[in-house]
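Taking it in order: structure first as structure tokens, then the write-up.
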Amino acid sequence: MIEDIEIILESSVRLGHIFLFAALGEYVAERAGTINISLEGMLLAGAFGGALGASETGSPVLGIFAGIAAGFIIAYLQANLSHRLNIDQFVVGIALTVLSIGLTTFLFLEIKIYSGRIHEFAIPVLSDIPIIGSALFAQRWLGYVAFVLPLLIWAIVHRTRWGLEVRSVGENPTAANVSGIPVLKRRRQSIYVAGLCAGLSGAYLSLAVTGAFSQNMSAGKGVVAIAAVLFGGWTLLGTICGSLLFGFADALGLSLQIIGFDVIPGPVLDSMPYLLALVGLLTIANMAKKPAALAENFDPSD
Amino acid sequence: MNIIGVKPDSRRNETFAKIFRFFDDTNKLLFSVLLIACLAGGLFISGLLVAAVGGSPTKVLSSLVEGSFQTPGALGRTLIEAVPLLLVSIGVIVSFKAGHYNIGTEGQVAIGALFSTVVALQIPGPNWLVTTLAVIAGFAGGAFWSGIAVAAYLWRRVDVMISTLLLTFIAPNVVLFAVSKDYLLLDTTDSNTRLASQSERIPLEKRLIEFDVFGQEIHLGFIAAIILSLLVTALLGKSVWGLRVRLLGSNFLTAKRYGVTQNREGATALLISGGFSGLAGGMIVMGSAFRLQSHIANDFGWDGLLSAIVARLSGYLALISSVFFAALRTGSSFLAATGVSRTITSVIQGLMVIAALMPAALLVVIYRSDSGKRIFKSGKKEESE
């Protein structure tokens, strides 16, 4: 029983981190007023870039950077198409997601990838704590970024001038514009942050969780990460809780099948994270808290 | 056209202006030219990509054309593939025009197919009636699946885009559940000895009627899809309902002033949109797949969504773009001989979608440039001097 709990906890931390990294980036983008549908594409591009980079250079560390760069490329396109050239952000998001699914699938079949896997690093004393020790303190080392990244995002968004401007751009772009804040620039920059984070999340997925890239491996994880931000009511703490909760649901679905628990049928367990995200949005989430200018295009020339 | 204020020394701008002066004020023409150029550019980049992995772009193109149009019966197969794509596109157009982004079409296709199969296999009655009911049940299934998102929106204002997407990832699991239980739809006949997760085949006499047109096999759904798409496009463009839907999508506040609400018009548009995707699922089961499996939607939902975007949300252009997307699907099976993976077609799709968005972006660039401002000044706001 204890072993089962440990297995579930371990994999929920592992899977939760995927959602967490991506959701933290999406949090910044949404606070600036963009629902960044291409997060899914950024995640997938990050996963592919990570695996490709690690395979070509032979070093997982460089692979991580390649993954982050791949996420950034998609983010760059999304940001400039939607917040410089004024194309509808959702349509751009769909287009970029589709393009990255197509490109990664095609290149994956054409290029041979042998990426390594990031090593496990157990923190000496802490990892011996019963039940939670192995889950939290015996991760593959990239997982420890999860202790730092939320603090970093919090500091950037809530303790810098840039963060204040980002938040004001999401609440009232017209007022922000009048007071001299470059609205579209802040929005673009916030999408870049989302791209970097989603790229990291993708690289973590392919290099630390599975150790190999597979076709369309993000499979809706980006969408769940967006749902985590909504679920958290656009607060940082809520976003973190949401992504860890969905990670737990994902892990529970997978591990219960491995353990051989068959009271709940397999298909239901497979759709756990999506189901829970939907139920969470319906019950706990408070849509009234959303940034006032969320998903509205802003044209400074008006 | 207004060319007052041309600086005599700006040579480069002068040539630029000359090129675009040709288009006069008819920005539509400029737009079409840009669109065609961008689509061609997208194909060109795909060709470069093929060449980059060591394939031959011309061979890929010719085998795509061969597989989708030239070989015997290929045109018919392409048109049959285009049926669900067209239906999904029409639904997407309705919801996008209403400003509600239903992007969970893939899931709605699957649930529509599920409903159709249930009716086709388990309801007794005369064949023509069962077939009709099955197709209608497909519509109901899709509308039901998008209805969940509608309910979530009406009740808690959950973003439709996110909820429809989440539902998309749940749908195949629902179908899988249905076809893996013997008390539901699992095929328990002798032909399925290994109990693979699939339903029984739809009996021959209950399928959509097929007929021959110039040697191409086409089923009844093809005609139905074309009539429906023309009907909905006309309604969107000409009817009061269409005006209200478009008003809702273009300006929320004006719409509210005129009594158009998210709750009524928005919800209806979403239900119709889901219904059309479900109808597409029904057509797939009753017209080409004849059997339910968990991956029944087989990207038809996604491709239909893209085809609507490439058609720039025009119902008439969707007729063309859905055939194009269908041709990519049928043609891709002929790519094996060229040594290039068939997934190149999904790259082409992605590039086409980006290409379809580019003209609007390029127009922004042109408007913002110095000579662009001069030429198109009459169309835009007058600058105060």
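In the structure tokens, chains take the letters A, B, ... in the order shown, each chain's residues start at 1, and ligands count up from 1 in the order shown.
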Using only C-alpha atoms, what table do you get, as CSV, when you list each residue of chain B with an atom no more than 7 Å from chain A, its nearest pair of atoms, and their distance in Å rounded to one decimal, rows by chain then rising number?
residue,atom,partner,partner_atom,distance
B:Val53,CA,A:Glu110,CA,6.8
B:Ala152,CA,A:Leu282,CA,6.4
B:Arg156,CA,A:Leu282,CA,6.2
B:Arg157,CA,A:Met287,CA,6.3
B:Val158,CA,A:Leu281,CA,6.6
B:Ile162,CA,A:Ala227,CA,6.7
B:Ser163,CA,A:Leu278,CA,6.5
B:Leu166,CA,A:Tyr274,CA,5.5
B:Phe169,CA,A:Tyr274,CA,6.8
B:Ile170,CA,A:Ser271,CA,5.4
B:Asn173,CA,A:Pro267,CA,4.8
B:Val174,CA,A:Pro267,CA,6.8
B:Leu176,CA,A:Pro267,CA,6.6
B:Phe177,CA,A:Pro267,CA,5.8
B:Ser341,CA,A:Phe106,CA,6.8
B:Thr343,CA,A:Phe106,CA,5.2
B:Ile344,CA,A:Phe106,CA,5.8
B:Ser346,CA,A:Gly102,CA,4.6
B:Val347,CA,A:Gly102,CA,4.5
B:Gly350,CA,A:Leu99,CA,4.1
B:Leu351,CA,A:Leu99,CA,6.5
B:Val353,CA,A:Ala95,CA,5.8
B:Ile354,CA,A:Ala95,CA,6.0
B:Ala361,CA,A:Leu85,CA,5.1
B:Val364,CA,A:Leu85,CA,6.2
Got time to write the residues from that selection, N, CA and C atoms, as an mmCIF file, in the first residue's frame?
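Result saved to result36.cif:
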data_model
loop_
_atom_site.group_PDB
_atom_site.id
_atom_site.type_symbol
_atom_site.label_atom_id
_atom_site.label_comp_id
_atom_site.auth_asym_id
_atom_site.auth_seq_id
_atom_site.Cartn_x
_atom_site.Cartn_y
_atom_site.Cartn_z
ATOM 1 N N VAL B 53 15.246 16.923 -46.894
ATOM 2 C CA VAL B 53 15.405 15.575 -46.359
ATOM 3 C C VAL B 53 15.750 14.580 -47.463
ATOM 4 N N ALA B 152 -21.348 24.630 -19.796
ATOM 5 C CA ALA B 152 -20.279 25.137 -18.922
ATOM 6 C C ALA B 152 -20.135 26.639 -19.096
ATOM 7 N N ARG B 156 -21.049 28.709 -15.836
ATOM 8 C CA ARG B 156 -19.908 29.256 -15.116
ATOM 9 C C ARG B 156 -18.995 30.126 -15.982
ATOM 10 N N ARG B 157 -19.434 30.444 -17.199
ATOM 11 C CA ARG B 157 -18.618 31.261 -18.109
ATOM 12 C C ARG B 157 -17.239 30.646 -18.359
ATOM 13 N N VAL B 158 -17.196 29.319 -18.424
ATOM 14 C CA VAL B 158 -15.934 28.652 -18.749
ATOM 15 C C VAL B 158 -15.633 28.910 -20.221
ATOM 16 N N ILE B 162 -11.344 26.443 -24.373
ATOM 17 C CA ILE B 162 -10.672 25.486 -23.497
ATOM 18 C C ILE B 162 -11.557 24.268 -23.248
ATOM 19 N N SER B 163 -12.856 24.505 -22.984
ATOM 20 C CA SER B 163 -13.697 23.358 -22.652
ATOM 21 C C SER B 163 -13.882 22.442 -23.857
ATOM 22 N N LEU B 166 -10.698 20.406 -24.179
ATOM 23 C CA LEU B 166 -10.598 19.356 -23.168
ATOM 24 C C LEU B 166 -11.525 18.202 -23.534
ATOM 25 N N PHE B 169 -10.210 15.645 -25.971
ATOM 26 C CA PHE B 169 -9.318 14.580 -25.515
ATOM 27 C C PHE B 169 -10.075 13.511 -24.733
ATOM 28 N N ILE B 170 -11.291 13.844 -24.289
ATOM 29 C CA ILE B 170 -12.097 12.850 -23.576
ATOM 30 C C ILE B 170 -12.862 11.970 -24.566
ATOM 31 N N ASN B 173 -11.835 8.451 -25.687
ATOM 32 C CA ASN B 173 -11.924 7.492 -24.590
ATOM 33 C C ASN B 173 -13.361 7.030 -24.369
ATOM 34 N N VAL B 174 -14.314 7.944 -24.584
ATOM 35 C CA VAL B 174 -15.725 7.563 -24.484
ATOM 36 C C VAL B 174 -16.040 6.520 -25.552
ATOM 37 N N LEU B 176 -13.918 4.588 -27.090
ATOM 38 C CA LEU B 176 -13.186 3.358 -26.777
ATOM 39 C C LEU B 176 -13.947 2.540 -25.745
ATOM 40 N N PHE B 177 -14.470 3.218 -24.745
ATOM 41 C CA PHE B 177 -15.244 2.536 -23.711
ATOM 42 C C PHE B 177 -16.452 1.835 -24.332
ATOM 43 N N SER B 341 8.170 10.633 -46.145
ATOM 44 C CA SER B 341 7.114 10.209 -45.239
ATOM 45 C C SER B 341 5.807 10.911 -45.565
ATOM 46 N N THR B 343 3.699 12.009 -43.719
ATOM 47 C CA THR B 343 3.354 13.080 -42.792
ATOM 48 C C THR B 343 3.725 14.451 -43.346
ATOM 49 N N ILE B 344 4.401 14.484 -44.503
ATOM 50 C CA ILE B 344 4.680 15.775 -45.134
ATOM 51 C C ILE B 344 3.370 16.520 -45.373
ATOM 52 N N SER B 346 0.892 16.819 -43.391
ATOM 53 C CA SER B 346 0.470 17.651 -42.256
ATOM 54 C C SER B 346 1.317 18.912 -42.164
ATOM 55 N N VAL B 347 2.571 18.831 -42.650
ATOM 56 C CA VAL B 347 3.373 20.060 -42.729
ATOM 57 C C VAL B 347 2.752 21.005 -43.741
ATOM 58 N N GLY B 350 -0.235 22.697 -42.256
ATOM 59 C CA GLY B 350 0.130 23.765 -41.330
ATOM 60 C C GLY B 350 0.594 25.006 -42.065
ATOM 61 N N LEU B 351 1.427 24.805 -43.086
ATOM 62 C CA LEU B 351 1.941 25.952 -43.839
ATOM 63 C C LEU B 351 0.822 26.667 -44.588
ATOM 64 N N VAL B 353 -2.243 26.913 -43.630
ATOM 65 C CA VAL B 353 -3.016 27.713 -42.681
ATOM 66 C C VAL B 353 -2.294 29.021 -42.391
ATOM 67 N N ILE B 354 -0.972 28.918 -42.156
ATOM 68 C CA ILE B 354 -0.202 30.138 -41.909
ATOM 69 C C ILE B 354 -0.298 31.055 -43.134
ATOM 70 N N ALA B 361 -1.811 40.061 -42.604
ATOM 71 C CA ALA B 361 -0.636 40.616 -41.938
ATOM 72 C C ALA B 361 0.157 41.496 -42.892
ATOM 73 N N VAL B 364 -1.310 44.829 -43.318
ATOM 74 C CA VAL B 364 -0.970 45.711 -42.201
ATOM 75 C C VAL B 364 0.398 46.330 -42.436
#
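The coordinates place CA of Ser89 (chain B) at 9.4 Å from CA of Ser314 (chain B).
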Checklist entry - Smallest atom-to-atom distance to Leu220 (chain B): which of B:Ile80, B:Ile93, B:Ala110, B:Ala255, using only C-alpha atoms? => result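 Selected residue with least distance to Leu220 (chain B): B:Ile80.
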Next on the checklist: Env of Ala151 (chain B): 12 Å cut, atoms = only C-alpha atoms, seq-sep filter 5 positions within chain, self excluded. Answer as a ChimeraX atom specification.
Outcome noted: /A:278,282 /B:143-146,156-160,163-164,263-264,266-268,270-271
Just to be explicit: take each residue in the selection above, keep C-alpha atoms, and write the result as a PDB file, in the first residue's frame.
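File result30.pdb, as written:
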ATOM      1  CA  LEU A 278     -13.204  20.322 -16.883  1.00  0.00           C
ATOM      2  CA  LEU A 282     -16.976  24.036 -13.600  1.00  0.00           C
TER       3      LEU A 282
ATOM      4  CA  ALA B 143     -24.501  19.001 -30.645  1.00  0.00           C
ATOM      5  CA  PHE B 144     -24.602  17.138 -27.334  1.00  0.00           C
ATOM      6  CA  TRP B 145     -20.814  17.148 -27.039  1.00  0.00           C
ATOM      7  CA  SER B 146     -20.564  20.842 -27.805  1.00  0.00           C
ATOM      8  CA  ARG B 156     -19.908  29.256 -15.116  1.00  0.00           C
ATOM      9  CA  ARG B 157     -18.618  31.261 -18.109  1.00  0.00           C
ATOM     10  CA  VAL B 158     -15.934  28.652 -18.749  1.00  0.00           C
ATOM     11  CA  ASP B 159     -14.031  29.626 -21.870  1.00  0.00           C
ATOM     12  CA  VAL B 160     -15.544  27.689 -24.779  1.00  0.00           C
ATOM     13  CA  SER B 163     -13.697  23.358 -22.652  1.00  0.00           C
ATOM     14  CA  THR B 164     -14.212  22.142 -26.225  1.00  0.00           C
ATOM     15  CA  ASN B 263     -26.757  33.137 -24.212  1.00  0.00           C
ATOM     16  CA  ARG B 264     -29.141  32.668 -27.098  1.00  0.00           C
ATOM     17  CA  GLY B 266     -23.973  32.350 -29.173  1.00  0.00           C
ATOM     18  CA  ALA B 267     -25.192  29.108 -27.671  1.00  0.00           C
ATOM     19  CA  THR B 268     -27.240  28.233 -30.747  1.00  0.00           C
ATOM     20  CA  LEU B 270     -22.139  26.592 -30.887  1.00  0.00           C
ATOM     21  CA  LEU B 271     -24.754  23.839 -30.850  1.00  0.00           C
TER      22      LEU B 271
END
Next on the checklist: Please determine, counting only C-alpha atoms, which residue among A:Gly163, A:Gly143, A:Gly233, A:Gly242 has the shortest atom-to-atom distance to Val193 (chain A).
Outcome noted: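 Using only C-alpha atoms, Val193 (chain A) sits closest to A:Gly163.
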